[in-house]
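**Q** Sharing start-v4.csv here; it has CSV, C-alpha atoms.
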```csv
chain,number,residue,atom,x,y,z
A,9,MET,CA,64.5,-92.4,183.6
A,10,ARG,CA,67.7,-90.5,184.1
A,11,GLY,CA,70.4,-91.5,186.6
A,12,PRO,CA,72.7,-89.3,188.6
A,13,LEU,CA,75.4,-87.4,186.8
A,14,PHE,CA,79.0,-88.6,186.9
A,15,TYR,CA,81.7,-86.1,185.9
A,16,ALA,CA,84.9,-86.2,183.8
A,17,LYS,CA,88.3,-86.2,185.6
A,18,ILE,CA,91.6,-84.7,185.0
A,19,LEU,CA,94.9,-86.3,186.2
A,20,LEU,CA,96.7,-83.0,187.0
A,21,PHE,CA,100.0,-84.8,187.7
A,22,GLY,CA,101.2,-88.4,187.6
A,23,GLU,CA,100.4,-89.7,184.1
A,24,TYR,CA,102.4,-92.8,183.4
A,25,GLY,CA,104.2,-92.4,186.8
A,26,ILE,CA,101.2,-93.9,188.6
A,27,ILE,CA,101.6,-97.1,186.6
A,28,LYS,CA,105.0,-97.4,188.2
A,29,ASP,CA,103.9,-96.5,191.7
A,30,SER,CA,104.8,-92.8,191.9
A,31,LYS,CA,102.5,-89.9,193.1
A,32,GLY,CA,99.5,-88.5,191.2
A,33,LEU,CA,96.8,-86.0,191.8
A,34,ALA,CA,93.4,-86.4,190.1
A,35,ILE,CA,90.5,-83.8,190.2
A,36,PRO,CA,86.9,-83.9,189.0
A,37,TYR,CA,86.2,-81.8,185.9
A,38,ASN,CA,82.6,-80.7,186.0
A,39,CYS,CA,82.3,-79.2,182.5
A,40,TYR,CA,81.6,-82.7,181.1
A,41,ASN,CA,79.4,-85.4,182.5
A,42,GLY,CA,77.3,-88.5,181.7
A,43,ALA,CA,74.3,-90.4,183.1
A,44,LEU,CA,72.4,-93.6,182.4
A,45,LYS,CA,69.2,-92.8,180.6
A,46,LYS,CA,66.1,-94.5,179.1
A,47,GLU,CA,63.7,-92.9,176.5
A,48,ASN,CA,61.1,-94.1,174.2
A,49,ILE,CA,62.7,-92.8,171.0
A,50,ILE,CA,66.5,-93.0,170.9
A,51,SER,CA,69.1,-91.6,168.4
A,52,GLU,CA,71.6,-93.6,166.4
A,53,GLU,CA,74.3,-92.5,168.9
A,54,ALA,CA,72.2,-93.8,171.8
A,55,LYS,CA,71.7,-97.1,170.0
A,56,LYS,CA,75.4,-97.5,169.7
A,57,SER,CA,75.8,-96.8,173.4
A,58,ASN,CA,73.1,-99.3,174.2
A,59,SER,CA,74.9,-102.1,172.2
A,60,ASN,CA,78.1,-101.2,174.0
A,61,LEU,CA,76.3,-101.5,177.3
A,62,LEU,CA,75.2,-105.0,176.3
A,63,LYS,CA,78.9,-106.0,175.6
A,64,PHE,CA,79.8,-104.5,179.0
A,65,TYR,CA,77.0,-106.5,180.6
A,66,ASN,CA,78.5,-109.7,179.1
A,67,TYR,CA,81.9,-108.8,180.5
A,68,LEU,CA,80.4,-108.1,184.0
A,69,ALA,CA,78.6,-111.4,183.9
A,70,SER,CA,81.9,-113.1,183.1
A,71,ILE,CA,83.6,-111.6,186.2
A,72,GLU,CA,80.6,-112.3,188.4
A,73,ASN,CA,82.5,-115.1,190.3
A,74,THR,CA,85.1,-112.7,191.7
A,75,VAL,CA,84.9,-112.1,195.4
A,76,LEU,CA,85.4,-108.4,194.8
A,77,VAL,CA,82.0,-107.3,193.6
A,78,SER,CA,78.6,-108.7,192.5
A,79,PHE,CA,75.9,-106.9,190.5
A,80,ARG,CA,72.1,-107.1,190.0
A,81,LEU,CA,72.7,-108.5,186.5
A,82,ASP,CA,69.1,-109.4,185.8
A,83,GLU,CA,68.0,-105.8,186.5
A,84,LEU,CA,70.8,-104.5,184.3
A,85,ARG,CA,69.9,-106.8,181.5
A,86,VAL,CA,66.3,-105.8,181.5
A,87,ASP,CA,67.2,-102.0,181.5
A,88,ILE,CA,69.5,-102.6,178.5
A,89,GLU,CA,66.8,-104.6,176.7
A,90,GLU,CA,64.5,-101.6,177.3
A,91,GLY,CA,66.9,-99.3,175.5
A,92,MET,CA,69.0,-97.9,178.3
A,93,TYR,CA,72.2,-96.0,177.2
A,94,PHE,CA,74.9,-93.7,178.6
A,95,ASP,CA,74.1,-90.1,177.7
A,96,SER,CA,77.5,-88.4,177.9
A,97,SER,CA,79.1,-85.1,176.9
A,98,ILE,CA,82.5,-86.4,177.9
A,99,PRO,CA,84.7,-86.6,174.7
A,100,GLN,CA,86.0,-90.1,174.1
A,101,GLY,CA,89.8,-90.6,173.6
A,102,TYR,CA,90.6,-87.2,175.2
A,103,GLY,CA,92.1,-88.3,178.5
A,104,VAL,CA,89.3,-87.0,180.7
A,105,GLY,CA,87.7,-90.3,181.7
A,106,SER,CA,84.8,-91.1,179.5
A,107,SER,CA,84.8,-94.8,180.3
A,108,GLY,CA,85.4,-94.0,184.0
A,109,ALA,CA,82.2,-92.1,184.3
A,110,LEU,CA,80.3,-95.0,182.6
A,111,VAL,CA,81.9,-97.5,185.0
A,112,ALA,CA,81.0,-95.3,188.0
A,113,SER,CA,77.4,-95.0,186.9
A,114,ILE,CA,76.9,-98.8,186.5
A,115,TYR,CA,78.6,-99.5,189.9
A,116,ASP,CA,76.4,-96.9,191.5
A,117,LYS,CA,73.1,-98.3,190.1
A,118,TYR,CA,73.7,-102.0,190.0
A,119,ALA,CA,76.4,-103.1,192.5
A,120,ASN,CA,75.4,-105.1,195.6
A,121,ASN,CA,76.7,-103.8,199.0
A,122,LYS,CA,78.3,-100.8,197.3
A,123,ILE,CA,80.6,-98.4,199.1
A,124,THR,CA,79.0,-95.0,199.1
A,125,VAL,CA,80.3,-91.5,199.1
A,126,LEU,CA,78.5,-90.8,202.4
A,127,GLU,CA,80.6,-93.3,204.3
A,128,ASN,CA,83.8,-92.6,206.2
A,129,LEU,CA,86.1,-93.3,203.3
A,130,THR,CA,89.0,-95.1,204.9
A,131,ARG,CA,92.1,-96.0,203.0
A,132,ASP,CA,90.9,-99.6,202.8
A,133,LYS,CA,87.6,-98.6,201.3
A,134,LEU,CA,89.3,-96.4,198.7
A,135,LEU,CA,91.6,-99.2,197.8
A,136,LYS,CA,88.7,-101.7,197.5
A,137,LEU,CA,86.8,-99.3,195.3
A,138,LYS,CA,89.9,-98.7,193.1
A,139,GLU,CA,90.4,-102.5,192.8
A,140,ILE,CA,86.7,-103.0,191.8
A,141,PHE,CA,86.9,-100.1,189.3
A,142,SER,CA,90.2,-101.4,187.9
A,143,LEU,CA,88.5,-104.8,187.2
A,144,MET,CA,85.4,-103.2,185.6
A,145,GLU,CA,87.3,-100.6,183.5
A,146,SER,CA,89.7,-103.2,182.1
A,147,PHE,CA,86.9,-104.1,179.7
A,148,PHE,CA,87.6,-100.8,177.9
A,149,HIS,CA,91.4,-100.4,178.2
A,150,GLY,CA,92.9,-103.9,178.6
A,151,LYS,CA,94.5,-102.7,181.8
A,152,SER,CA,93.1,-100.0,184.0
A,153,SER,CA,94.4,-98.4,187.3
A,154,GLY,CA,90.7,-97.8,188.3
A,155,LEU,CA,91.5,-94.2,189.1
A,156,ASP,CA,89.2,-92.6,186.5
A,157,PRO,CA,86.0,-94.3,187.7
A,158,LEU,CA,87.1,-93.7,191.4
A,159,ASN,CA,87.4,-90.0,190.7
A,160,SER,CA,84.2,-89.8,188.8
A,161,TYR,CA,82.3,-91.9,191.4
A,162,LEU,CA,83.5,-89.9,194.5
A,163,SER,CA,83.7,-86.5,192.6
A,164,ILE,CA,86.4,-85.3,195.0
A,165,PRO,CA,90.2,-84.7,194.4
A,166,ILE,CA,92.3,-87.8,195.0
A,167,LEU,CA,95.9,-87.9,196.0
A,168,ILE,CA,97.7,-91.0,194.9
A,169,ASN,CA,100.7,-91.5,197.2
A,170,SER,CA,101.4,-95.0,195.7
A,171,LYS,CA,99.5,-97.9,194.3
A,172,ASP,CA,98.3,-99.0,197.8
A,173,ASN,CA,98.1,-95.6,199.4
A,174,LEU,CA,95.3,-93.2,198.3
A,175,GLU,CA,93.5,-90.4,200.1
A,176,ALA,CA,90.7,-88.0,199.4
A,177,THR,CA,92.2,-84.5,199.5
A,178,GLY,CA,91.3,-80.8,199.3
A,179,ILE,CA,92.7,-78.4,196.8
A,180,PRO,CA,93.1,-74.7,197.4
A,181,SER,CA,90.0,-72.7,196.3
A,182,GLN,CA,90.4,-70.9,193.0
A,183,LYS,CA,91.6,-67.3,193.0
A,184,GLU,CA,90.5,-64.6,190.6
A,185,GLY,CA,94.1,-64.1,189.3
A,186,LYS,CA,95.8,-64.1,185.9
A,187,GLY,CA,97.2,-67.6,186.2
A,188,ALA,CA,95.4,-70.8,185.0
A,189,VAL,CA,95.4,-74.5,184.4
A,190,PHE,CA,93.8,-75.0,181.0
A,191,LEU,CA,93.1,-77.7,178.4
A,192,LEU,CA,94.4,-77.4,174.8
A,193,ASP,CA,92.4,-79.4,172.3
A,194,SER,CA,94.6,-81.3,169.9
A,195,GLU,CA,91.5,-82.1,167.8
A,196,MET,CA,92.9,-85.6,167.5
A,197,VAL,CA,91.5,-88.7,169.3
A,198,GLY,CA,94.0,-90.6,171.4
A,199,GLU,CA,93.9,-94.3,172.2
A,200,THR,CA,95.1,-95.4,175.6
A,201,GLU,CA,96.2,-99.0,174.9
A,202,PRO,CA,98.8,-98.2,172.1
A,203,MET,CA,100.3,-95.4,174.2
A,204,VAL,CA,100.6,-97.7,177.3
A,205,THR,CA,102.3,-100.3,175.1
A,206,ILE,CA,104.9,-97.8,173.9
A,207,PHE,CA,105.5,-96.8,177.5
A,208,MET,CA,105.9,-100.4,178.6
A,209,ASN,CA,108.4,-101.0,175.8
A,210,LYS,CA,110.3,-97.9,176.9
A,211,MET,CA,110.4,-99.3,180.4
A,212,LYS,CA,112.7,-102.1,179.2
A,213,ASN,CA,115.3,-99.5,178.8
A,214,LYS,CA,117.5,-98.9,181.9
A,215,GLY,CA,118.0,-95.2,181.1
A,216,PHE,CA,114.3,-94.6,180.7
A,217,ARG,CA,113.6,-96.3,184.0
A,218,LYS,CA,116.2,-94.2,185.7
A,219,MET,CA,114.7,-91.0,184.3
A,220,LEU,CA,111.2,-92.0,185.4
A,221,ASN,CA,112.3,-92.9,189.0
A,222,GLU,CA,114.5,-89.9,189.4
A,223,ASP,CA,113.7,-86.8,187.2
A,224,PHE,CA,110.0,-87.5,186.4
A,225,ALA,CA,109.0,-88.6,189.9
A,226,LYS,CA,111.0,-85.8,191.6
A,227,HIS,CA,109.3,-83.0,189.5
A,228,THR,CA,105.9,-84.6,189.7
A,229,ASP,CA,106.1,-84.9,193.5
A,230,ALA,CA,107.2,-81.3,193.8
A,231,CYS,CA,104.4,-80.1,191.5
A,232,ILE,CA,101.8,-81.9,193.6
A,233,GLU,CA,103.3,-80.6,196.9
A,234,ASP,CA,103.3,-77.0,195.5
A,235,PHE,CA,99.7,-77.2,194.0
A,236,LEU,CA,98.2,-78.6,197.2
A,237,ASN,CA,100.0,-76.0,199.4
A,238,GLY,CA,99.2,-73.1,197.0
A,239,ASN,CA,102.9,-72.3,196.3
A,240,VAL,CA,102.2,-70.9,192.9
A,241,LYS,CA,105.7,-69.4,192.2
A,242,SER,CA,107.5,-72.6,193.0
A,243,LEU,CA,104.8,-74.6,191.1
A,244,PHE,CA,105.5,-72.9,187.8
A,245,GLY,CA,109.3,-73.6,188.2
A,246,ASN,CA,108.6,-77.3,188.8
A,247,VAL,CA,106.0,-77.5,186.0
A,248,LYS,CA,108.6,-76.1,183.6
A,249,GLN,CA,111.1,-78.8,184.6
A,250,LEU,CA,108.3,-81.5,184.2
A,251,SER,CA,107.4,-80.1,180.8
A,252,LYS,CA,111.0,-80.4,179.7
A,253,VAL,CA,111.3,-84.0,180.9
A,254,VAL,CA,108.1,-85.0,179.2
A,255,LEU,CA,109.1,-83.4,175.9
A,256,ASP,CA,112.5,-85.1,176.0
A,257,ASN,CA,111.3,-88.6,177.0
A,258,PHE,CA,107.6,-89.0,176.0
A,259,LYS,CA,107.7,-87.6,172.4
A,260,PRO,CA,105.7,-90.5,170.9
A,261,MET,CA,102.8,-89.6,173.3
A,262,ILE,CA,102.8,-85.9,172.1
A,263,PRO,CA,101.1,-85.4,168.8
A,264,LYS,CA,103.7,-84.2,166.3
A,265,PRO,CA,102.1,-80.9,165.4
A,266,PHE,CA,102.5,-79.9,169.1
A,267,HIS,CA,106.2,-80.5,169.5
A,268,LYS,CA,107.2,-77.0,168.5
A,269,ILE,CA,104.4,-75.3,170.4
A,270,TRP,CA,105.5,-77.3,173.5
A,271,GLN,CA,109.1,-76.2,173.1
A,272,LYS,CA,108.0,-72.6,172.5
A,273,GLY,CA,106.3,-72.5,175.9
A,274,ILE,CA,109.4,-73.7,177.7
A,275,ASP,CA,111.6,-71.2,175.8
A,276,THR,CA,109.4,-68.1,176.4
A,277,ASN,CA,108.0,-69.1,179.8
A,278,ASP,CA,104.6,-67.9,178.6
A,279,TYR,CA,103.0,-71.3,179.3
A,280,TYR,CA,104.1,-74.9,180.0
A,281,LEU,CA,102.4,-78.0,178.5
A,282,LYS,CA,102.2,-81.6,179.9
A,283,LEU,CA,100.3,-84.8,179.0
A,284,CYS,CA,96.7,-85.1,180.0
A,285,GLY,CA,96.1,-88.8,180.5
A,286,SER,CA,98.0,-91.2,178.2
A,287,GLY,CA,98.5,-88.7,175.3
A,288,GLY,CA,98.5,-89.6,171.6
A,289,GLY,CA,95.8,-87.0,171.0
A,290,GLY,CA,92.9,-85.6,173.0
A,291,TYR,CA,93.6,-82.8,175.4
A,292,ILE,CA,97.0,-81.5,176.4
A,293,LEU,CA,97.2,-79.9,179.8
A,294,GLY,CA,98.6,-76.4,180.1
A,295,PHE,CA,99.8,-74.1,182.9
A,296,THR,CA,100.2,-70.3,182.6
A,297,GLU,CA,100.8,-67.3,184.8
A,298,ASP,CA,98.9,-65.1,182.3
A,299,PHE,CA,95.9,-66.9,180.7
A,300,ASP,CA,94.8,-63.9,178.6
A,301,LYS,CA,98.3,-63.6,177.0
A,302,THR,CA,98.4,-67.4,176.5
A,303,LYS,CA,95.0,-67.3,174.8
A,304,SER,CA,96.3,-64.7,172.3
A,305,ILE,CA,99.5,-66.7,171.7
A,306,LEU,CA,97.6,-69.9,171.1
A,307,LYS,CA,94.6,-68.2,169.4
A,308,ASP,CA,94.5,-70.8,166.6
A,309,PHE,CA,93.6,-73.5,169.2
A,310,LYS,CA,90.7,-74.3,171.4
A,311,LEU,CA,91.5,-73.7,175.1
A,312,GLU,CA,89.3,-74.6,178.0
A,313,LEU,CA,89.8,-73.2,181.5
A,314,VAL,CA,90.2,-75.7,184.3
A,315,TYR,CA,91.4,-73.8,187.3
A,316,ARG,CA,92.3,-70.2,188.2
A,317,PHE,CA,95.3,-69.1,190.2
```
So that I can check it, write out the structure of this file as structure tokens.

**A**
Amino acid sequence: MRGPLFYAKILLFGEYGIIKDSKGLAIPYNCYNGALKKENIISEEAKKSNSNLLKFYNYLASIENTVLVSFRLDELRVDIEEGMYFDSSIPQGYGVGSSGALVASIYDKYANNKITVLENLTRDKLLKLKEIFSLMESFFHGKSSGLDPLNSYLSIPILINSKDNLEATGIPSQKEGKGAVFLLDSEMVGETEPMVTIFMNKMKNKGFRKMLNEDFAKHTDACIEDFLNGNVKSLFGNVKQLSKVVLDNFKPMIPKPFHKIWQKGIDTNDYYLKLCGSGGGGYILGFTEDFDKTKSILKDFKLELVYRF
């Protein structure tokens, strides 16, 4: 048995801001994916995944009384007992939605009365899905927005206007130009929960809240607007401003070895960096008008191409 593939996701814009109801833009990232699988002989890695699925099953059984969603738990239990595991190439702790893809695959296979991708995805249906996925993914992160599984399940770009206002959107088709969005591998694993705790503590500070509601939200909204409308020149100006705001205010979320590299991009205008997910490790998201030049500047690091301008 092998289930359908569910892809990784990248939150291009809106990290942390979406917790506080500002805009965000998430896109599927097809280089990594995962699927539920059953085989006769399984590896140690697969055994670990299988025992994690059993813990997840117990969690789903504990939330079975919610009116939001019900699952065919007996069927899930039998599959887990027969050695089912989640076969995934999505790196964990990298900000690209590894638990989101797992949640999407379990919902897809075992949920009763599931909302499918083939339906007319009204705002209400998107919100309901997000709410279900938030509840399911909270098992992994303590508190989840539900966006990662939503993106993985639908495999389409999602524009977050606010907590209660989501829409499926289209992004401009890629051009064969010099510019690019890329991932920079910090080669460190990040954990979501401690980073969100730092953020929540910072939110107690009036100055930080003001920065988030004004500078961070303003530049994030402008970046989303530019990206969706293909205004590349304006986009890079706004990404630079956003990169500065993040470096000044989210330092604990940026791994220390990258503080200077981040600043160098802003100073030289060769590239601009921003958080990918909650930070603390994993991937860092980069924007450049000349990807080949950036590759030679950052030749000591692993870069992965996401999108071409």

**Q** Applying 7 Å and only C-alpha atoms, which residues near segment 184-201 of chain A remain after dropping the ones on its own chain fewer than 4 positions away? List them as a compact mmCIF listing (two decimals) with C-alpha atoms, in the coordinates of the input.

**A**
```
# COMPACT_ATOMS: atom_id res chain seq x y z
CA GLY A 101 89.80 -90.60 173.60
CA TYR A 102 90.60 -87.20 175.20
CA HIS A 149 91.40 -100.40 178.20
CA GLY A 150 92.90 -103.90 178.60
CA THR A 205 102.30 -100.30 175.10
CA SER A 286 98.00 -91.20 178.20
CA GLY A 287 98.50 -88.70 175.30
CA GLY A 288 98.50 -89.60 171.60
CA GLY A 289 95.80 -87.00 171.00
CA GLY A 290 92.90 -85.60 173.00
CA TYR A 291 93.60 -82.80 175.40
CA ILE A 292 97.00 -81.50 176.40
CA LEU A 293 97.20 -79.90 179.80
CA GLY A 294 98.60 -76.40 180.10
CA PHE A 295 99.80 -74.10 182.90
CA THR A 296 100.20 -70.30 182.60
CA GLU A 297 100.80 -67.30 184.80
CA ASP A 298 98.90 -65.10 182.30
CA PHE A 299 95.90 -66.90 180.70
CA PHE A 309 93.60 -73.50 169.20
CA LYS A 310 90.70 -74.30 171.40
CA LEU A 311 91.50 -73.70 175.10
CA GLU A 312 89.30 -74.60 178.00
CA LEU A 313 89.80 -73.20 181.50
CA VAL A 314 90.20 -75.70 184.30
CA TYR A 315 91.40 -73.80 187.30
CA ARG A 316 92.30 -70.20 188.20
CA PHE A 317 95.30 -69.10 190.20
```

**Q** Show which residues sit within 6 Å of segment 169-172 of chain A, as a PyMOL selection string. Count all atoms listed in the file, and ignore same-chain residues fewer than 4 positions away.

**A** chain A and resi 29-31

**Q** Can you list, as a tab-separated table (two decimals) with C-alpha atoms, in the frame of the given file, every protein, DNA or RNA residue that comes within 8 Å of Ile35 of chain A when you count only C-alpha atoms, leaving out same-chain residues fewer than 4 positions away?

**A**
```
chain	number	residue	atom	x	y	z
A	17	LYS	CA	88.30	-86.20	185.60
A	18	ILE	CA	91.60	-84.70	185.00
A	19	LEU	CA	94.90	-86.30	186.20
A	20	LEU	CA	96.70	-83.00	187.00
A	159	ASN	CA	87.40	-90.00	190.70
A	163	SER	CA	83.70	-86.50	192.60
A	164	ILE	CA	86.40	-85.30	195.00
A	165	PRO	CA	90.20	-84.70	194.40
A	166	ILE	CA	92.30	-87.80	195.00
```

**Q** Nearest to Phe147 of chain A among A:Cys39, A:Ala69, A:Leu126, A:Leu76, with distances taken over only C-alpha atoms: which residue is it?

**A**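 Under the stated criterion, the closest residue is A:Ala69.
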
**Q** To one decimal place, how far is atom CA of Ser251 of chain A from atom CA of Trp270 of chain A in Å?

**A**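 Taking atom CA of Ser251 of chain A and atom CA of Trp270 of chain A, their separation equals 8.0 Å.
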
**Q** Using only C-alpha atoms, can you tell me which of A:Asp87, A:Lys268, A:Val253, A:Leu162 comes closest to Thr124 of chain A?

**A**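 Ranking A:Asp87, A:Lys268, A:Val253, A:Leu162 by distance to Thr124 of chain A, first place goes to A:Leu162.
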
**Q** Could you name the residues that touch Pro260 of chain A at 12 Å or less, counting all atoms listed in the file, but leaving out those on the same chain fewer than 2 positions away, as a list in words?

**A** Gly198, Pro202, Met203, Val204, Thr205, Ile206, Phe207, Asn209, Lys210, Val254, Leu255, Asp256, Asn257, Phe258, Ile262, Pro263, Lys264, Pro265, Phe266, His267, Leu283, Ser286, Gly287, Gly288 and Gly289 of chain A

**Q** Find the residues near Ala54 of chain A: any atom within 9 Å, counting all atoms listed in the file, skip ones fewer than 6 places away on the same chain, and give them as a VMD selection string.

**A** chain A and resid 91 to 95

**Q** Pick out the closest residue to Leu281 of chain A from this set: A:Lys212, A:Glu139, A:Phe244, A:Asp300. Count only C-alpha atoms.

**A**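 Closest residue, counting only C-alpha atoms: A:Phe244.
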
**Q** Go through A:Leu68, A:Ser96, A:Asn173, A:Gly105 and flag the residue nearest Ala119 of chain A, using all atoms listed in the file for the distances.

**A**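 Of A:Leu68, A:Ser96, A:Asn173, A:Gly105, the one nearest Ala119 of chain A is A:Leu68, counting all atoms listed in the file.
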
**Q** Go ahead and compute the interatomic distance for atom CA of Ile274 of chain A and atom CA of Arg217 of chain A, in Å to one decimal.

**A**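 A separation of 23.8 Å between them.
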
**Q** For atom CA of Glu145 of chain A and atom CA of Pro157 of chain A, quote the distance in Å rounded to one decimal.

**A**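 Result for atom CA of Glu145 of chain A versus atom CA of Pro157 of chain A: 7.7 Å, one decimal.
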
**Q** Using all atoms listed in the file, which of A:Ser242, A:Thr130, A:Asn121, A:Ser113 sits nearest Arg10 of chain A?

**A** A:Ser113

**Q** I'd like to know which of A:Ala112, A:Ala176, A:Lys122, A:Glu89 is closest to Leu134 of chain A, using all atoms listed in the file.

**A**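 Selected residue with least distance to Leu134 of chain A: A:Ala176.
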
**Q** Would you list the residues near (100.2, -90.4, 186.2), meaning any protein, DNA or RNA residue with an atom at most 10 Å from that point in file coordinates, counting only C-alpha atoms, as number ranges by chain?

**A** A: 19-34, 153, 155, 168, 225, 228, 283-286

**Q** Kindly reconstruct segment 96-108 of chain A with N, CA, C and O atoms and present the result as a compact mmCIF listing (two decimals), in the coordinates of the input.

**A**
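out-v1.txt, written as the output of this step:
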```txt
# COMPACT_ATOMS: atom_id res chain seq x y z
N SER A 96 76.23 -89.01 177.40
CA SER A 96 77.50 -88.40 177.90
C SER A 96 77.95 -87.24 177.02
O SER A 96 77.90 -87.31 175.80
N SER A 97 78.42 -86.18 177.68
CA SER A 97 79.10 -85.10 176.90
C SER A 97 80.59 -85.20 177.03
O SER A 97 81.31 -84.35 176.53
N ILE A 98 81.09 -86.25 177.71
CA ILE A 98 82.50 -86.40 177.90
C ILE A 98 83.17 -86.91 176.60
O ILE A 98 82.79 -87.96 176.10
N PRO A 99 84.10 -86.15 176.01
CA PRO A 99 84.70 -86.60 174.70
C PRO A 99 85.49 -87.90 174.94
O PRO A 99 86.22 -88.05 175.92
N GLN A 100 85.34 -88.84 174.00
CA GLN A 100 86.00 -90.10 174.10
C GLN A 100 87.45 -89.98 173.50
O GLN A 100 87.64 -89.31 172.50
N GLY A 101 88.42 -90.67 174.14
CA GLY A 101 89.80 -90.60 173.60
C GLY A 101 90.47 -89.29 173.89
O GLY A 101 91.39 -88.89 173.18
N TYR A 102 90.01 -88.56 174.92
CA TYR A 102 90.60 -87.20 175.20
C TYR A 102 91.31 -87.15 176.53
O TYR A 102 91.76 -86.10 176.95
N GLY A 103 91.38 -88.29 177.23
CA GLY A 103 92.10 -88.30 178.50
C GLY A 103 91.40 -87.71 179.66
O GLY A 103 92.00 -87.35 180.67
N VAL A 104 90.06 -87.57 179.55
CA VAL A 104 89.30 -87.00 180.70
C VAL A 104 88.30 -87.97 181.29
O VAL A 104 87.38 -87.58 181.99
N GLY A 105 88.47 -89.27 180.98
CA GLY A 105 87.70 -90.30 181.70
C GLY A 105 86.34 -90.61 181.26
O GLY A 105 85.43 -90.73 182.09
N SER A 106 86.14 -90.76 179.95
CA SER A 106 84.80 -91.10 179.50
C SER A 106 84.32 -92.45 179.93
O SER A 106 83.19 -92.62 180.40
N SER A 107 85.20 -93.46 179.85
CA SER A 107 84.80 -94.80 180.30
C SER A 107 84.70 -94.85 181.82
O SER A 107 83.90 -95.59 182.39
N GLY A 108 85.48 -94.02 182.50
CA GLY A 108 85.40 -94.00 184.00
C GLY A 108 84.08 -93.55 184.49
O GLY A 108 83.56 -94.11 185.46
```
